[in-house]
Amino acid sequence: MGGQKRGALIVLEGLDRSGKSSQCASLVSFLQQKGLEAEAWRFPDRTTAVGTMLSSYLTSATELDDHAVHLLFSANRWEKRALLEGRLKAGTTLVVDRYAHSGVAFSAAKGLDLEWCKAPETGLPSPDLVLYLNIPAEVAAARGGYGAERYEDIGFQKKVALQFELLRASNWEVVDGRLSFDDVQEIVRKHAVSAINKCQGGRDLLSHCIQLWDVTSRLHKDIVY
Ligand code: NYM
Ligand code: MG
C-alpha cells in the first residue's frame with residue numbers, strides 16, 4: 001500500500017464565472033515553471049463522442065432527460081479514468097477545471113435526488129484537493145455576464161451554490177473568489193504545493209479512490225439544517 005510517488009489530483013470547483021479556468025491555467029504554468037510535471041484538464045471534455053453530446057445539450061441544440069444528461073456527464077469522466085490514473089501514477093499532477101462535484105451540484109439543483117446523483121460518480125479517483133472558488137451568484141453574473149449556455153442564469157446558479165455547500169468535505173479548501181486574481185492565485189498555489197508534496201511522500205491513490213463521497217456523507221451527519 002502506498003509509498004510510491006505520484007502526481008496530485010487537484011480540482012477547481014465553483015459557479016460559472018467564478019474564475020476557475022484562468023486560475024487553473026495560471027496554476028499549471030506556475031507548477032511547470034517550478035519544473036513539476038503538470039497538466040490542465042477540464043470536464044466536460046467536449047472532444048469525445050460523449051462530450052459532443054454534452055456540448056450540444058449545453059448550447060441547447062438538443063434536449064435530453066435530466067437523468068440521462070447526468071449520466072452522460074458522469075460517463076465523460078469515466079471514459080477518461082484510465083488515462084487520468086495513468087498520468088497520476090506516472091507522476092504528473094492534474095489540475096482539473098470541474099469534476100464530479102459539478103456533476104452532482106448542477107443536477108441536484110434541478111431537483112434530482114442528491115444520493116442518486118452521487119452514485120454514478122462513486123469509484124472515480126478522489127481529488128487530493130478541491131479548491132472551491134466561492135463567489136456570490138450576483139458577483140459572478142456581473143463579471144462580463146454569462147454566455148448563451150444552459151444553466152447560465154442567476155437564479156439557477158444560486159441553487160447550484162446551495163448544493164455545492166452540501167458537498168463540502170475535508171479535502172476542500174474554500175477560497176474567497178471575490179479577492180483579486182493574484183490574491184486568489186497565491187492561495188491556490190499554496191494549497192496546491194502542499195497537496196503535491198503529500199503525494200510525493202507516497203500517498204496511496206487506490207485506497208483514496210473510495211473516498212470521493214465517503215468524506216462527504218460523514219460530514220453530512222454533522223450538518224444542522
Ligand atoms: N456541468 C459540468 C454539469 O452540469 N455537470 C458536470 O458534470 C460538469 C463537469 O456544464 N455550467 C455544467 C457546468 C457548466 C457547464 O461547463 C459547462 P464549463 O466549465 O462552463 O465548460
Ligand atoms: Mg461555463
# chains A, B, ... in the order shown; residues from 1 in each chain; ligands from 1
>>> residues_near_ligand(ligand="ligand 2", cutoff="8 Å", atoms="only C-alpha atoms and all ligand atoms", output="PDB file with all heavy atoms, in the first residue's frame")
ATOM      1  N   ASP A  16     -20.361  29.102 -12.497  1.00  0.00           N
ATOM      2  CA  ASP A  16     -19.899  29.672 -13.754  1.00  0.00           C
ATOM      3  C   ASP A  16     -19.427  31.096 -13.484  1.00  0.00           C
ATOM      4  O   ASP A  16     -20.041  31.828 -12.693  1.00  0.00           O
ATOM      5  CB  ASP A  16     -21.051  29.675 -14.782  1.00  0.00           C
ATOM      6  CG  ASP A  16     -21.296  28.279 -15.341  1.00  0.00           C
ATOM      7  OD1 ASP A  16     -20.433  27.778 -16.075  1.00  0.00           O
ATOM      8  OD2 ASP A  16     -22.347  27.687 -15.022  1.00  0.00           O
ATOM      9  N   ARG A  17     -18.330  31.476 -14.121  1.00  0.00           N
ATOM     10  CA  ARG A  17     -17.713  32.806 -13.985  1.00  0.00           C
ATOM     11  C   ARG A  17     -17.084  33.050 -12.609  1.00  0.00           C
ATOM     12  O   ARG A  17     -16.910  34.195 -12.193  1.00  0.00           O
ATOM     13  CB  ARG A  17     -18.715  33.953 -14.277  1.00  0.00           C
ATOM     14  CG  ARG A  17     -19.480  33.847 -15.570  1.00  0.00           C
ATOM     15  CD  ARG A  17     -18.628  34.073 -16.787  1.00  0.00           C
ATOM     16  NE  ARG A  17     -18.062  35.409 -16.810  1.00  0.00           N
ATOM     17  CZ  ARG A  17     -16.974  35.764 -17.508  1.00  0.00           C
ATOM     18  NH1 ARG A  17     -16.337  34.866 -18.214  1.00  0.00           N
ATOM     19  NH2 ARG A  17     -16.530  36.992 -17.490  1.00  0.00           N
ATOM     20  N   TYR A 146     -23.032  36.310 -18.524  1.00  0.00           N
ATOM     21  CA  TYR A 146     -22.943  34.922 -18.934  1.00  0.00           C
ATOM     22  C   TYR A 146     -23.010  34.815 -20.445  1.00  0.00           C
ATOM     23  O   TYR A 146     -23.513  35.706 -21.119  1.00  0.00           O
ATOM     24  CB  TYR A 146     -24.125  34.126 -18.357  1.00  0.00           C
ATOM     25  CG  TYR A 146     -24.151  34.018 -16.856  1.00  0.00           C
ATOM     26  CD1 TYR A 146     -25.302  34.333 -16.147  1.00  0.00           C
ATOM     27  CD2 TYR A 146     -23.048  33.556 -16.157  1.00  0.00           C
ATOM     28  CE1 TYR A 146     -25.359  34.207 -14.766  1.00  0.00           C
ATOM     29  CE2 TYR A 146     -23.082  33.435 -14.778  1.00  0.00           C
ATOM     30  CZ  TYR A 146     -24.246  33.757 -14.092  1.00  0.00           C
ATOM     31  OH  TYR A 146     -24.283  33.634 -12.741  1.00  0.00           O
ATOM     32  N   GLY A 147     -22.560  33.683 -20.949  1.00  0.00           N
ATOM     33  CA  GLY A 147     -22.716  33.388 -22.367  1.00  0.00           C
ATOM     34  C   GLY A 147     -24.122  32.850 -22.592  1.00  0.00           C
ATOM     35  O   GLY A 147     -25.010  33.035 -21.769  1.00  0.00           O
ATOM     36  N   GLU A 149     -25.019  29.709 -22.740  1.00  0.00           N
ATOM     37  CA  GLU A 149     -25.203  28.297 -22.397  1.00  0.00           C
ATOM     38  C   GLU A 149     -26.275  28.053 -21.347  1.00  0.00           C
ATOM     39  O   GLU A 149     -26.563  28.907 -20.505  1.00  0.00           O
ATOM     40  CB  GLU A 149     -23.872  27.695 -21.920  1.00  0.00           C
ATOM     41  CG  GLU A 149     -22.898  27.519 -23.056  1.00  0.00           C
ATOM     42  CD  GLU A 149     -21.984  26.311 -22.907  1.00  0.00           C
ATOM     43  OE1 GLU A 149     -21.610  25.974 -21.780  1.00  0.00           O
ATOM     44  OE2 GLU A 149     -21.656  25.704 -23.949  1.00  0.00           O
ATOM     45  N   GLU A 152     -26.673  29.141 -17.293  1.00  0.00           N
ATOM     46  CA  GLU A 152     -26.065  30.436 -17.004  1.00  0.00           C
ATOM     47  C   GLU A 152     -27.170  31.448 -16.669  1.00  0.00           C
ATOM     48  O   GLU A 152     -27.497  32.341 -17.447  1.00  0.00           O
ATOM     49  CB  GLU A 152     -25.190  30.891 -18.183  1.00  0.00           C
ATOM     50  CG  GLU A 152     -23.962  29.996 -18.327  1.00  0.00           C
ATOM     51  CD  GLU A 152     -23.057  30.346 -19.485  1.00  0.00           C
ATOM     52  OE1 GLU A 152     -23.492  31.114 -20.376  1.00  0.00           O
ATOM     53  OE2 GLU A 152     -21.937  29.859 -19.510  1.00  0.00           O
TER      54      GLU A 152
END
>>> closest_atom_pairs(of="chain A", to="ligand 1", cutoff="10 Å", atoms="only C-alpha atoms and all ligand atoms", output="tab-separated table")
residue	atom	partner	partner_atom_place_in_ligand_line	distance
A:Glu13	CA	ligand 1	19 (O)	9.1
A:Gly14	CA	ligand 1	13 (C)	9.0
A:Leu15	CA	ligand 1	11 (N)	7.5
A:Asp16	CA	ligand 1	11 (N)	5.7
A:Arg17	CA	ligand 1	20 (O)	8.0
A:Lys20	CA	ligand 1	19 (O)	8.2
A:Ser21	CA	ligand 1	19 (O)	7.6
A:Arg42	CA	ligand 1	19 (O)	7.1
A:Phe43	CA	ligand 1	9 (C)	4.3
A:Pro44	CA	ligand 1	9 (C)	4.5
A:Asp45	CA	ligand 1	9 (C)	8.1
A:Arg46	CA	ligand 1	21 (O)	8.4
A:Leu54	CA	ligand 1	10 (O)	8.1
A:Ser55	CA	ligand 1	17 (C)	8.0
A:Tyr57	CA	ligand 1	10 (O)	9.4
A:Leu58	CA	ligand 1	15 (C)	6.6
A:Thr59	CA	ligand 1	17 (C)	9.4
A:Asp66	CA	ligand 1	4 (O)	9.8
A:Val69	CA	ligand 1	4 (O)	8.2
A:His70	CA	ligand 1	5 (N)	6.7
A:Leu71	CA	ligand 1	7 (O)	8.7
A:Leu72	CA	ligand 1	7 (O)	8.2
A:Phe73	CA	ligand 1	7 (O)	4.5
A:Ser74	CA	ligand 1	7 (O)	6.1
A:Ala75	CA	ligand 1	7 (O)	9.2
A:Asn76	CA	ligand 1	7 (O)	8.1
A:Arg77	CA	ligand 1	7 (O)	8.0
A:Val96	CA	ligand 1	9 (C)	9.9
A:Asp97	CA	ligand 1	19 (O)	6.6
A:Arg98	CA	ligand 1	9 (C)	5.1
A:Tyr99	CA	ligand 1	9 (C)	5.2
A:Ala100	CA	ligand 1	7 (O)	5.7
A:His101	CA	ligand 1	7 (O)	7.2
A:Ser102	CA	ligand 1	6 (C)	4.8
A:Gly103	CA	ligand 1	7 (O)	3.0
A:Val104	CA	ligand 1	7 (O)	6.8
A:Ala105	CA	ligand 1	4 (O)	7.5
A:Phe106	CA	ligand 1	4 (O)	4.7
A:Ser107	CA	ligand 1	4 (O)	6.2
A:Ala108	CA	ligand 1	4 (O)	9.5
A:Ala109	CA	ligand 1	4 (O)	9.5
A:Lys110	CA	ligand 1	4 (O)	9.8
A:Glu121	CA	ligand 1	7 (O)	9.4
A:Tyr146	CA	ligand 1	20 (O)	9.8
A:Gly147	CA	ligand 1	20 (O)	9.3
A:Glu149	CA	ligand 1	11 (N)	7.2
A:Arg150	CA	ligand 1	11 (N)	6.8
A:Tyr151	CA	ligand 1	11 (N)	5.4
A:Glu152	CA	ligand 1	11 (N)	6.3
A:Asp153	CA	ligand 1	11 (N)	9.4
A:Gln157	CA	ligand 1	11 (N)	8.7
A:Val160	CA	ligand 1	13 (C)	9.4
>>> select_by_dssp(residues="stretch 58-140 of chain A", states="strand (DSSP E)", output="PyMOL selection string")
chain A and resi 93-97+129-134
>>> select_by_dssp(residues="stretch 30-93 of chain A", states="helix (DSSP H, G or I)", output="ChimeraX atom specification")
/A:30-33,49-58,66-78,81-89
>>> closest_residue(among="A:Ser18, A:Ser60, A:Thr52, A:Thr92", to="A:Leu179", atoms="only C-alpha atoms")
A:Ser18
>>> decode(residues="stretch 139-171 of chain A", atoms="N, CA, C and O atoms", output="PDB file, in the first residue's frame")
ATOM      1  N   VAL A 139     -22.319  38.370  -8.025  1.00  0.00           N
ATOM      2  CA  VAL A 139     -20.986  38.876  -8.384  1.00  0.00           C
ATOM      3  C   VAL A 139     -20.480  38.170  -9.644  1.00  0.00           C
ATOM      4  O   VAL A 139     -19.925  38.797 -10.559  1.00  0.00           O
ATOM      5  N   ALA A 140     -20.722  36.862  -9.709  1.00  0.00           N
ATOM      6  CA  ALA A 140     -20.299  36.097 -10.888  1.00  0.00           C
ATOM      7  C   ALA A 140     -21.007  36.617 -12.134  1.00  0.00           C
ATOM      8  O   ALA A 140     -20.392  36.828 -13.176  1.00  0.00           O
ATOM      9  N   ALA A 141     -22.311  36.860 -11.996  1.00  0.00           N
ATOM     10  CA  ALA A 141     -23.111  37.297 -13.148  1.00  0.00           C
ATOM     11  C   ALA A 141     -22.655  38.667 -13.651  1.00  0.00           C
ATOM     12  O   ALA A 141     -22.718  38.954 -14.849  1.00  0.00           O
ATOM     13  N   ALA A 142     -22.183  39.500 -12.717  1.00  0.00           N
ATOM     14  CA  ALA A 142     -21.767  40.856 -13.089  1.00  0.00           C
ATOM     15  C   ALA A 142     -20.430  40.865 -13.825  1.00  0.00           C
ATOM     16  O   ALA A 142     -20.055  41.854 -14.453  1.00  0.00           O
ATOM     17  N   ARG A 143     -19.708  39.743 -13.762  1.00  0.00           N
ATOM     18  CA  ARG A 143     -18.392  39.659 -14.401  1.00  0.00           C
ATOM     19  C   ARG A 143     -18.511  39.442 -15.905  1.00  0.00           C
ATOM     20  O   ARG A 143     -18.308  38.347 -16.407  1.00  0.00           O
ATOM     21  N   GLY A 144     -18.849  40.461 -16.612  1.00  0.00           N
ATOM     22  CA  GLY A 144     -18.925  40.317 -18.068  1.00  0.00           C
ATOM     23  C   GLY A 144     -20.124  39.501 -18.513  1.00  0.00           C
ATOM     24  O   GLY A 144     -20.253  39.182 -19.688  1.00  0.00           O
ATOM     25  N   GLY A 145     -20.978  39.165 -17.569  1.00  0.00           N
ATOM     26  CA  GLY A 145     -22.217  38.457 -17.917  1.00  0.00           C
ATOM     27  C   GLY A 145     -21.967  37.023 -18.325  1.00  0.00           C
ATOM     28  O   GLY A 145     -20.832  36.561 -18.424  1.00  0.00           O
ATOM     29  N   TYR A 146     -23.032  36.310 -18.524  1.00  0.00           N
ATOM     30  CA  TYR A 146     -22.943  34.922 -18.934  1.00  0.00           C
ATOM     31  C   TYR A 146     -23.010  34.815 -20.445  1.00  0.00           C
ATOM     32  O   TYR A 146     -23.513  35.706 -21.119  1.00  0.00           O
ATOM     33  N   GLY A 147     -22.560  33.683 -20.949  1.00  0.00           N
ATOM     34  CA  GLY A 147     -22.716  33.388 -22.367  1.00  0.00           C
ATOM     35  C   GLY A 147     -24.122  32.850 -22.592  1.00  0.00           C
ATOM     36  O   GLY A 147     -25.010  33.035 -21.769  1.00  0.00           O
ATOM     37  N   ALA A 148     -24.294  32.160 -23.688  1.00  0.00           N
ATOM     38  CA  ALA A 148     -25.644  31.712 -24.037  1.00  0.00           C
ATOM     39  C   ALA A 148     -25.916  30.284 -23.574  1.00  0.00           C
ATOM     40  O   ALA A 148     -26.924  29.700 -23.961  1.00  0.00           O
ATOM     41  N   GLU A 149     -25.019  29.709 -22.740  1.00  0.00           N
ATOM     42  CA  GLU A 149     -25.203  28.297 -22.397  1.00  0.00           C
ATOM     43  C   GLU A 149     -26.275  28.053 -21.347  1.00  0.00           C
ATOM     44  O   GLU A 149     -26.563  28.907 -20.505  1.00  0.00           O
ATOM     45  N   ARG A 150     -26.832  26.887 -21.432  1.00  0.00           N
ATOM     46  CA  ARG A 150     -27.783  26.401 -20.443  1.00  0.00           C
ATOM     47  C   ARG A 150     -27.169  26.564 -19.045  1.00  0.00           C
ATOM     48  O   ARG A 150     -25.948  26.466 -18.911  1.00  0.00           O
ATOM     49  N   TYR A 151     -27.938  26.795 -18.038  1.00  0.00           N
ATOM     50  CA  TYR A 151     -27.525  26.930 -16.623  1.00  0.00           C
ATOM     51  C   TYR A 151     -26.982  28.315 -16.275  1.00  0.00           C
ATOM     52  O   TYR A 151     -26.772  28.618 -15.105  1.00  0.00           O
ATOM     53  N   GLU A 152     -26.673  29.141 -17.293  1.00  0.00           N
ATOM     54  CA  GLU A 152     -26.065  30.436 -17.004  1.00  0.00           C
ATOM     55  C   GLU A 152     -27.170  31.448 -16.669  1.00  0.00           C
ATOM     56  O   GLU A 152     -27.497  32.341 -17.447  1.00  0.00           O
ATOM     57  N   ASP A 153     -27.704  31.261 -15.478  1.00  0.00           N
ATOM     58  CA  ASP A 153     -28.846  32.045 -15.037  1.00  0.00           C
ATOM     59  C   ASP A 153     -28.683  32.234 -13.537  1.00  0.00           C
ATOM     60  O   ASP A 153     -28.373  31.277 -12.814  1.00  0.00           O
ATOM     61  N   ILE A 154     -28.861  33.447 -13.077  1.00  0.00           N
ATOM     62  CA  ILE A 154     -28.521  33.781 -11.691  1.00  0.00           C
ATOM     63  C   ILE A 154     -29.336  32.969 -10.680  1.00  0.00           C
ATOM     64  O   ILE A 154     -28.799  32.494  -9.675  1.00  0.00           O
ATOM     65  N   GLY A 155     -30.633  32.788 -10.955  1.00  0.00           N
ATOM     66  CA  GLY A 155     -31.480  32.028 -10.027  1.00  0.00           C
ATOM     67  C   GLY A 155     -31.021  30.580  -9.939  1.00  0.00           C
ATOM     68  O   GLY A 155     -30.957  30.006  -8.845  1.00  0.00           O
ATOM     69  N   PHE A 156     -30.684  30.010 -11.079  1.00  0.00           N
ATOM     70  CA  PHE A 156     -30.230  28.620 -11.078  1.00  0.00           C
ATOM     71  C   PHE A 156     -28.860  28.491 -10.403  1.00  0.00           C
ATOM     72  O   PHE A 156     -28.619  27.563  -9.626  1.00  0.00           O
ATOM     73  N   GLN A 157     -27.982  29.449 -10.655  1.00  0.00           N
ATOM     74  CA  GLN A 157     -26.632  29.381 -10.053  1.00  0.00           C
ATOM     75  C   GLN A 157     -26.725  29.441  -8.523  1.00  0.00           C
ATOM     76  O   GLN A 157     -25.913  28.844  -7.820  1.00  0.00           O
ATOM     77  N   LYS A 158     -27.719  30.157  -8.006  1.00  0.00           N
ATOM     78  CA  LYS A 158     -27.903  30.207  -6.545  1.00  0.00           C
ATOM     79  C   LYS A 158     -28.238  28.824  -6.006  1.00  0.00           C
ATOM     80  O   LYS A 158     -27.776  28.429  -4.930  1.00  0.00           O
ATOM     81  N   LYS A 159     -29.068  28.099  -6.751  1.00  0.00           N
ATOM     82  CA  LYS A 159     -29.418  26.736  -6.322  1.00  0.00           C
ATOM     83  C   LYS A 159     -28.192  25.828  -6.386  1.00  0.00           C
ATOM     84  O   LYS A 159     -27.990  24.969  -5.528  1.00  0.00           O
ATOM     85  N   VAL A 160     -27.361  26.032  -7.409  1.00  0.00           N
ATOM     86  CA  VAL A 160     -26.141  25.231  -7.543  1.00  0.00           C
ATOM     87  C   VAL A 160     -25.225  25.497  -6.342  1.00  0.00           C
ATOM     88  O   VAL A 160     -24.651  24.568  -5.763  1.00  0.00           O
ATOM     89  N   ALA A 161     -25.116  26.774  -5.960  1.00  0.00           N
ATOM     90  CA  ALA A 161     -24.250  27.138  -4.829  1.00  0.00           C
ATOM     91  C   ALA A 161     -24.690  26.419  -3.557  1.00  0.00           C
ATOM     92  O   ALA A 161     -23.849  25.938  -2.777  1.00  0.00           O
ATOM     93  N   LEU A 162     -26.002  26.303  -3.346  1.00  0.00           N
ATOM     94  CA  LEU A 162     -26.510  25.598  -2.159  1.00  0.00           C
ATOM     95  C   LEU A 162     -26.112  24.124  -2.194  1.00  0.00           C
ATOM     96  O   LEU A 162     -25.764  23.540  -1.165  1.00  0.00           O
ATOM     97  N   GLN A 163     -26.151  23.530  -3.370  1.00  0.00           N
ATOM     98  CA  GLN A 163     -25.763  22.118  -3.488  1.00  0.00           C
ATOM     99  C   GLN A 163     -24.268  21.935  -3.246  1.00  0.00           C
ATOM    100  O   GLN A 163     -23.845  20.983  -2.592  1.00  0.00           O
ATOM    101  N   PHE A 164     -23.466  22.860  -3.775  1.00  0.00           N
ATOM    102  CA  PHE A 164     -22.019  22.783  -3.525  1.00  0.00           C
ATOM    103  C   PHE A 164     -21.741  22.816  -2.021  1.00  0.00           C
ATOM    104  O   PHE A 164     -20.847  22.126  -1.537  1.00  0.00           O
ATOM    105  N   GLU A 165     -22.523  23.626  -1.295  1.00  0.00           N
ATOM    106  CA  GLU A 165     -22.349  23.717   0.167  1.00  0.00           C
ATOM    107  C   GLU A 165     -22.468  22.346   0.808  1.00  0.00           C
ATOM    108  O   GLU A 165     -21.748  22.009   1.739  1.00  0.00           O
ATOM    109  N   LEU A 166     -23.426  21.560   0.306  1.00  0.00           N
ATOM    110  CA  LEU A 166     -23.670  20.240   0.894  1.00  0.00           C
ATOM    111  C   LEU A 166     -22.547  19.259   0.593  1.00  0.00           C
ATOM    112  O   LEU A 166     -22.428  18.231   1.247  1.00  0.00           O
ATOM    113  N   LEU A 167     -21.749  19.562  -0.414  1.00  0.00           N
ATOM    114  CA  LEU A 167     -20.701  18.627  -0.828  1.00  0.00           C
ATOM    115  C   LEU A 167     -19.357  18.914  -0.176  1.00  0.00           C
ATOM    116  O   LEU A 167     -18.422  18.137  -0.318  1.00  0.00           O
ATOM    117  N   ARG A 168     -19.272  20.034   0.532  1.00  0.00           N
ATOM    118  CA  ARG A 168     -18.005  20.400   1.173  1.00  0.00           C
ATOM    119  C   ARG A 168     -17.501  19.263   2.049  1.00  0.00           C
ATOM    120  O   ARG A 168     -18.255  18.703   2.830  1.00  0.00           O
ATOM    121  N   ALA A 169     -16.233  18.957   1.935  1.00  0.00           N
ATOM    122  CA  ALA A 169     -15.668  17.841   2.692  1.00  0.00           C
ATOM    123  C   ALA A 169     -14.267  18.209   3.153  1.00  0.00           C
ATOM    124  O   ALA A 169     -13.781  19.308   2.874  1.00  0.00           O
ATOM    125  N   SER A 170     -13.636  17.275   3.851  1.00  0.00           N
ATOM    126  CA  SER A 170     -12.356  17.600   4.484  1.00  0.00           C
ATOM    127  C   SER A 170     -11.230  17.838   3.474  1.00  0.00           C
ATOM    128  O   SER A 170     -10.213  18.414   3.826  1.00  0.00           O
ATOM    129  N   ASN A 171     -11.413  17.384   2.247  1.00  0.00           N
ATOM    130  CA  ASN A 171     -10.360  17.639   1.245  1.00  0.00           C
ATOM    131  C   ASN A 171     -10.620  18.938   0.462  1.00  0.00           C
ATOM    132  O   ASN A 171     -10.004  19.178  -0.557  1.00  0.00           O
TER     133      ASN A 171
END
